[in-house]
$ cat entry_31.cif   # mmCIF, C-alpha atoms
data_model
#
loop_
_atom_site.label_atom_id
_atom_site.label_comp_id
_atom_site.auth_asym_id
_atom_site.auth_seq_id
_atom_site.Cartn_x
_atom_site.Cartn_y
_atom_site.Cartn_z
CA VAL A 1 109.75 -177.24 -138.97
CA PRO A 2 110.95 -173.76 -140.02
CA VAL A 3 109.04 -172.18 -142.87
CA THR A 4 110.95 -170.47 -145.67
CA LEU A 5 109.67 -167.29 -147.30
CA ALA A 6 109.16 -169.17 -150.55
CA GLN A 7 106.66 -171.46 -148.81
CA LEU A 8 104.56 -168.62 -147.45
CA PRO A 9 101.43 -167.39 -149.23
CA ALA A 10 102.08 -164.19 -151.12
CA PHE A 11 101.11 -160.82 -149.74
CA SER A 12 98.44 -158.93 -151.62
CA GLY A 13 99.78 -156.68 -154.36
CA TYR A 14 101.14 -153.33 -153.23
CA THR A 15 101.82 -150.60 -155.70
CA GLU A 16 102.71 -147.67 -153.48
CA LYS A 17 105.96 -145.85 -154.09
CA VAL A 18 108.42 -145.05 -151.35
CA PRO A 19 107.31 -141.78 -149.68
CA VAL A 20 108.88 -138.61 -150.97
CA LEU A 21 111.21 -137.46 -148.21
CA SER A 22 111.92 -133.83 -147.48
CA PRO A 23 114.53 -132.53 -149.93
CA ASP A 24 116.84 -131.08 -147.28
CA HIS A 25 118.90 -134.11 -146.34
CA SER A 26 121.70 -131.72 -145.36
CA TYR A 27 119.42 -130.57 -142.53
CA ALA A 28 121.64 -129.44 -139.66
CA VAL A 29 120.27 -130.37 -136.27
CA SER A 30 119.84 -127.25 -134.19
CA VAL A 31 121.09 -128.20 -130.75
CA LYS A 32 118.69 -126.80 -128.17
CA PRO A 33 119.67 -125.97 -124.58
CA TYR A 34 116.60 -127.70 -123.16
CA ASP A 35 115.81 -131.38 -122.64
CA VAL A 36 112.37 -132.63 -123.69
CA ARG A 37 111.03 -135.19 -121.24
CA SER A 38 107.68 -136.03 -122.84
CA TYR A 39 105.38 -135.39 -125.81
CA ALA A 40 101.61 -135.71 -125.59
CA LEU A 41 100.19 -135.61 -129.12
CA ASN A 42 96.46 -135.16 -129.62
CA LEU A 43 95.58 -135.51 -133.31
CA THR A 44 92.46 -135.48 -135.42
CA ILE A 45 93.17 -136.78 -138.92
CA GLN A 46 90.68 -136.31 -141.73
CA PRO A 47 91.68 -138.72 -144.51
CA ASP A 48 89.79 -137.13 -147.40
CA PRO A 49 90.51 -134.33 -147.91
CA PHE A 50 93.73 -134.87 -145.98
CA LEU A 51 93.80 -132.54 -142.98
CA LEU A 52 95.60 -132.70 -139.66
CA GLN A 53 94.35 -130.82 -136.60
CA GLY A 54 96.50 -131.28 -133.57
CA SER A 55 97.99 -130.19 -130.32
CA VAL A 56 101.21 -131.26 -128.69
CA THR A 57 102.06 -130.82 -125.03
CA ILE A 58 105.81 -130.66 -124.54
CA ARG A 59 107.25 -131.07 -121.06
CA LEU A 60 110.88 -129.93 -120.86
CA VAL A 61 113.68 -129.09 -118.45
CA LEU A 62 116.48 -126.55 -118.78
CA PRO A 63 119.58 -128.32 -117.39
CA ALA A 64 121.77 -125.22 -117.23
CA GLY A 65 121.95 -121.53 -118.11
CA ALA A 66 119.00 -119.20 -118.71
CA LEU A 67 116.52 -119.02 -121.57
CA ASP A 68 114.13 -116.22 -122.50
CA ARG A 69 112.85 -117.86 -125.68
CA LEU A 70 112.41 -121.42 -126.90
CA ILE A 71 112.68 -122.64 -130.45
CA PHE A 72 110.76 -125.75 -131.48
CA ASP A 73 111.30 -127.31 -134.89
CA LEU A 74 108.21 -126.93 -137.12
CA GLU A 75 107.83 -126.42 -140.83
CA GLY A 76 104.86 -125.79 -143.09
CA LEU A 77 102.00 -125.88 -140.55
CA PRO A 78 100.15 -122.86 -139.14
CA VAL A 79 100.02 -122.47 -135.35
CA ASP A 80 96.82 -121.23 -133.72
CA SER A 81 97.96 -120.70 -130.13
CA VAL A 82 100.57 -121.62 -127.54
CA PHE A 83 100.12 -122.02 -123.78
CA GLN A 84 102.59 -122.41 -120.94
CA ASN A 85 101.24 -124.13 -117.85
CA GLY A 86 97.73 -123.27 -119.08
CA LEU A 87 98.42 -119.57 -119.76
CA PRO A 88 98.70 -118.06 -123.28
CA VAL A 89 102.17 -116.94 -124.37
CA ASN A 90 103.53 -115.04 -127.34
CA PHE A 91 104.94 -116.91 -130.31
CA ALA A 92 106.21 -116.33 -133.82
CA LEU A 93 106.82 -118.60 -136.80
CA SER A 94 109.98 -118.66 -138.88
CA SER A 95 110.52 -120.70 -142.03
CA THR A 96 111.73 -123.71 -140.04
CA GLY A 97 110.72 -123.13 -136.45
CA LEU A 98 108.30 -121.94 -133.80
CA ILE A 99 109.70 -119.29 -131.45
CA VAL A 100 107.97 -119.18 -128.07
CA THR A 101 108.42 -116.51 -125.41
CA PRO A 102 107.91 -118.11 -121.97
CA LEU A 103 106.03 -116.35 -119.19
CA ASN A 104 109.33 -115.84 -117.37
CA THR A 105 112.95 -116.46 -118.23
CA LEU A 106 113.75 -120.10 -117.55
CA ALA A 107 116.67 -120.55 -115.16
CA SER A 108 118.92 -123.55 -114.64
CA GLY A 109 116.88 -126.49 -113.40
CA ASP A 110 113.53 -124.96 -114.34
CA SER A 111 110.87 -127.03 -116.08
CA GLY A 112 107.97 -125.97 -118.24
CA THR A 113 104.98 -127.42 -120.02
CA PHE A 114 104.03 -125.92 -123.38
CA GLU A 115 100.87 -126.79 -125.30
CA ILE A 116 100.85 -125.91 -129.00
CA PHE A 117 97.72 -125.98 -131.18
CA TYR A 118 98.25 -126.27 -134.93
CA GLN A 119 96.67 -127.56 -138.13
CA GLY A 120 97.24 -128.07 -141.82
CA THR A 121 98.30 -130.65 -144.40
CA PRO A 122 101.86 -131.91 -143.84
CA ARG A 123 104.16 -131.79 -146.85
CA TYR A 124 106.39 -134.54 -145.47
CA GLY A 125 106.58 -136.90 -142.53
CA LEU A 126 102.88 -137.84 -142.45
CA TYR A 127 101.42 -139.21 -145.66
CA ARG A 128 98.08 -140.07 -147.22
CA ARG A 129 98.19 -142.81 -149.85
CA GLN A 130 95.97 -145.46 -151.42
CA ASN A 131 96.89 -149.12 -151.22
CA SER A 132 96.42 -151.66 -154.01
CA THR A 133 92.80 -152.35 -153.03
CA GLY A 134 91.88 -148.65 -153.14
CA ASP A 135 91.79 -148.05 -149.37
CA THR A 136 93.08 -144.72 -148.13
CA VAL A 137 95.87 -145.23 -145.61
CA ILE A 138 97.69 -142.75 -143.39
CA TYR A 139 101.24 -143.35 -142.17
CA SER A 140 104.27 -141.50 -140.88
CA HIS A 141 107.82 -141.77 -142.15
CA SER A 142 109.97 -139.29 -140.24
CA GLU A 143 113.49 -140.68 -140.46
CA PRO A 144 115.83 -138.93 -140.19
CA PHE A 145 114.54 -135.36 -139.65
CA ASP A 146 110.94 -135.16 -140.89
CA ALA A 147 109.00 -135.31 -137.60
CA HIS A 148 108.85 -131.50 -137.46
CA PHE A 149 106.79 -131.48 -140.65
CA TRP A 150 103.83 -132.97 -138.76
CA PHE A 151 104.24 -131.87 -135.13
CA PRO A 152 106.28 -129.24 -133.25
CA CYS A 153 109.23 -130.85 -131.50
CA ASN A 154 112.95 -130.84 -130.90
CA ASP A 155 113.78 -132.83 -134.02
CA ASP A 156 117.12 -134.01 -132.70
CA PRO A 157 117.73 -137.78 -132.37
CA ASN A 158 119.80 -137.14 -129.23
CA ASP A 159 116.83 -135.71 -127.33
CA LYS A 160 114.66 -138.69 -126.46
CA ALA A 161 111.31 -138.45 -124.69
CA THR A 162 108.30 -140.53 -123.70
CA LEU A 163 105.12 -140.35 -125.74
CA LEU A 164 101.36 -140.27 -125.28
CA LEU A 165 99.64 -140.33 -128.67
CA SER A 166 95.88 -139.86 -129.06
CA VAL A 167 94.40 -140.03 -132.57
CA SER A 168 90.81 -139.47 -133.68
CA MET A 169 89.81 -140.85 -137.09
CA PRO A 170 86.83 -142.50 -138.82
CA SER A 171 86.01 -145.75 -137.04
CA SER A 172 86.80 -147.85 -140.13
CA TYR A 173 90.50 -147.29 -139.37
CA VAL A 174 92.70 -149.28 -137.03
CA ILE A 175 95.29 -146.87 -135.61
CA VAL A 176 98.71 -148.17 -134.59
CA SER A 177 101.58 -146.43 -132.84
CA ASN A 178 104.44 -146.89 -130.40
CA GLY A 179 104.09 -148.55 -127.03
CA ARG A 180 100.91 -149.98 -125.54
CA ASN A 181 97.35 -149.39 -126.67
CA ILE A 182 95.62 -148.03 -123.58
CA GLU A 183 92.26 -146.84 -124.95
CA ILE A 184 89.84 -147.09 -127.86
CA SER A 185 86.69 -145.03 -127.44
CA ALA A 186 83.80 -143.85 -129.60
CA GLU A 187 83.50 -140.16 -130.36
CA ALA A 188 81.15 -138.46 -132.82
CA PRO A 189 79.07 -140.87 -134.93
CA GLY A 190 81.43 -142.80 -137.18
CA TRP A 191 84.58 -141.66 -135.39
CA GLN A 192 86.75 -143.17 -132.68
CA ARG A 193 89.79 -142.20 -130.63
CA THR A 194 92.75 -144.50 -130.09
CA VAL A 195 95.41 -143.81 -127.46
CA TRP A 196 98.92 -145.29 -127.31
CA ALA A 197 101.52 -144.77 -124.57
CA GLU A 198 105.28 -145.24 -125.02
CA ASN A 199 107.13 -145.17 -121.70
CA TYR A 200 110.56 -145.80 -123.17
CA PRO A 201 112.21 -142.50 -124.20
CA ILE A 202 112.55 -142.48 -128.00
CA ALA A 203 113.81 -140.11 -130.69
CA THR A 204 111.30 -137.97 -132.59
CA TYR A 205 111.91 -139.80 -135.88
CA LEU A 206 110.72 -143.00 -134.20
CA ILE A 207 107.38 -141.50 -133.19
CA SER A 208 104.99 -143.15 -135.60
CA VAL A 209 101.38 -143.52 -136.52
CA ALA A 210 99.71 -145.73 -139.13
CA ALA A 211 96.02 -145.99 -139.90
CA ALA A 212 94.38 -148.45 -142.30
CA PRO A 213 91.70 -151.17 -142.30
CA TYR A 214 94.20 -153.47 -140.60
CA GLN A 215 93.63 -156.96 -139.29
CA ASN A 216 95.59 -157.49 -136.06
CA VAL A 217 97.32 -160.88 -136.11
CA GLU A 218 98.58 -161.44 -132.57
CA GLN A 219 100.53 -163.97 -130.55
CA THR A 220 102.50 -163.64 -127.33
CA TRP A 221 106.11 -164.29 -126.44
CA SER A 222 106.85 -165.42 -122.90
CA PHE A 223 110.12 -165.22 -121.01
CA GLY A 224 110.29 -165.56 -117.26
CA THR A 225 107.25 -163.86 -115.76
CA THR A 226 106.84 -161.43 -118.66
CA VAL A 227 104.40 -161.98 -121.50
CA MET A 228 104.90 -159.65 -124.47
CA PRO A 229 102.38 -159.12 -127.28
CA VAL A 230 103.71 -159.77 -130.78
CA ASN A 231 101.52 -158.13 -133.42
CA TYR A 232 101.40 -158.02 -137.19
CA TYR A 233 98.94 -155.41 -138.47
CA VAL A 234 98.14 -156.55 -142.01
CA TYR A 235 95.52 -155.99 -144.66
CA PRO A 236 92.72 -158.57 -144.40
CA ALA A 237 93.92 -160.39 -147.53
CA ASP A 238 97.29 -160.96 -145.86
CA THR A 239 96.04 -162.55 -142.65
CA ALA A 240 97.28 -166.08 -143.46
CA ARG A 241 100.75 -164.91 -144.42
CA GLY A 242 100.89 -162.62 -141.41
CA LEU A 243 100.17 -165.52 -139.08
CA ALA A 244 102.83 -167.71 -140.70
CA VAL A 245 105.49 -165.00 -140.53
CA LEU A 246 104.49 -164.17 -136.96
CA THR A 247 105.26 -167.72 -135.87
CA GLU A 248 108.76 -167.36 -137.33
CA THR A 249 109.17 -164.02 -135.54
CA ILE A 250 108.51 -165.68 -132.19
CA SER A 251 111.39 -168.09 -132.86
CA MET A 252 113.66 -165.23 -133.90
CA LEU A 253 112.96 -163.29 -130.68
CA SER A 254 114.01 -166.34 -128.66
CA PHE A 255 117.14 -166.84 -130.77
CA PHE A 256 118.29 -163.24 -130.36
CA ARG A 257 117.50 -163.33 -126.64
CA ASP A 258 119.74 -166.38 -126.19
CA TYR A 259 122.66 -165.19 -128.32
CA ILE A 260 122.59 -161.38 -128.28
CA GLY A 261 120.30 -160.07 -125.56
CA LEU A 262 116.75 -159.38 -124.52
CA TYR A 263 114.52 -157.36 -126.85
CA PRO A 264 114.86 -153.84 -125.36
CA PHE A 265 111.17 -152.88 -125.53
CA CYS A 266 109.84 -155.99 -123.88
CA GLU A 267 107.49 -154.06 -121.58
CA ASP A 268 105.60 -152.77 -124.64
CA LYS A 269 105.30 -155.06 -127.65
CA TYR A 270 106.94 -156.22 -130.83
CA ALA A 271 104.85 -155.06 -133.78
CA MET A 272 105.05 -154.72 -137.54
CA PHE A 273 102.64 -152.63 -139.60
#

$ encode --input "entry_31.cif" --output "structure tokens"
Amino acid sequence: VPVTLAQLPAFSGYTEKVPVLSPDHSYAVSVKPYDVRSYALNLTIQPDPFLLQGSVTIRLVLPAGALDRLIFDLEGLPVDSVFQNGLPVNFALSSTGLIVTPLNTLASGDSGTFEIFYQGTPRYGLYRRQNSTGDTVIYSHSEPFDAHFWFPCNDDPNDKATLLLSVSMPSSYVIVSNGRNIEISAEAPGWQRTVWAENYPIATYLISVAAAPYQNVEQTWSFGTTVMPVNYYVYPADTARGLAVLTETISMLSFFRDYIGLYPFCEDKYAMF
């Protein structure tokens, strides 16, 4: 028998405000001549005081023309160094971008891999808040153009790329992101690293990370020979409600499959957090 929302146990109180988005909603996308194929983000997040230390490896291709400098979108975070194919290259920071001089002028069809090391406290895009029970939580909210406030990228929704995201945080946190969870490993005492891989090309504003003392409520949805995880990452007090809503979600996935089409990320998961 379907369950209505009124019949479900209430979620625990939540008092957080909507995140403050960057003020420049007239942000004009700077169309770049290159095509990003993949991002590999390697982040260490210190919750208190809030500090992000990271590197991003960007693999790109130049479809046409020639290019003697590359501009990546980045705002408000210092850059320590930049490497191309393992070799250091010159770079400069502007108010809204990172200008990189490649080892050689890129010609039509050329590819390159650039690794950028940076750090700081993001003003937008990645947030530190406290939930209603006093836990510190970290989460991203990059739509539409705030990804470049927390990692260097081509912050253009038309340029989609795959993602490998590796995050190190205190081990009390459950870290959630896009795609499939491929690794959780211990690091220094009290810290652990979680790795997620997204093999579907996605826009930068969809690249997400959330870290909190989550409880993973999980079921699976089967269709044909494929079995897809369906996850609700909830606070421990919300486990019962999460399980009830999850059951309804399974039914909804089947309904939409029958009448609209297959969930497009079925090789990964369906998750809410």

$ resolve_selection --input "entry_31.cif" --expression "the PyMOL selection byres ((chain A and resi 148-150) around 10)" --output "ChimeraX atom specification"
/A:22,52-54,72-77,96-97,118-127,140,142,145-147,151-156,204-205

$ closest_residue --input "entry_31.cif" --among "A:Asn131, A:Ser251, A:Asn158, A:Asn181" --to "Ser30 in chain A" --atoms "all atoms listed in the file"
A:Asn158

$ resolve_selection --input "entry_31.cif" --expression "the PyMOL selection byres ((chain A and resi 228) around 7)" --output "JSON list (two decimals) with C-alpha atoms, in the frame of the given file"
[["chain", "number", "residue", "atom", "x", "y", "z"],
["A", 220, "THR", "CA", 102.50, -163.64, -127.33],
["A", 221, "TRP", "CA", 106.11, -164.29, -126.44],
["A", 222, "SER", "CA", 106.85, -165.42, -122.90],
["A", 226, "THR", "CA", 106.84, -161.43, -118.66],
["A", 227, "VAL", "CA", 104.40, -161.98, -121.50],
["A", 229, "PRO", "CA", 102.38, -159.12, -127.28],
["A", 230, "VAL", "CA", 103.71, -159.77, -130.78],
["A", 266, "CYS", "CA", 109.84, -155.99, -123.88],
["A", 267, "GLU", "CA", 107.49, -154.06, -121.58],
["A", 268, "ASP", "CA", 105.60, -152.77, -124.64],
["A", 269, "LYS", "CA", 105.30, -155.06, -127.65]]

$ residues_around --input "entry_31.cif" --residues "range 173-175 of chain A" --least-positions-apart "2" --cutoff "6 Å" --atoms "all atoms listed in the file" --output "short mmCIF file (atom, residue, chain, number, x, y, z; two decimals) with C-alpha atoms, keeping the file's coordinate frame"
data_model
loop_
_atom_site.label_atom_id
_atom_site.label_comp_id
_atom_site.auth_asym_id
_atom_site.auth_seq_id
_atom_site.Cartn_x
_atom_site.Cartn_y
_atom_site.Cartn_z
CA SER A 171 86.01 -145.75 -137.04
CA ALA A 210 99.71 -145.73 -139.13
CA ALA A 211 96.02 -145.99 -139.90
CA ALA A 212 94.38 -148.45 -142.30
CA PRO A 213 91.70 -151.17 -142.30
CA TYR A 214 94.20 -153.47 -140.60
#

$ resolve_selection --input "entry_31.cif" --expression "the PyMOL selection byres ((chain A and resi 116) around 7)" --output "MDAnalysis selection string"
chainID A and resid 55:57 81:83 114:115 117:118

$ residues_around --input "entry_31.cif" --residues "range 231-248 of chain A" --least-positions-apart "6" --cutoff "6 Å" --atoms "all atoms listed in the file" --output "JSON, numbers by chain"
{"A": [9, 11, 214, 215, 216, 217, 218, 271, 272, 273]}
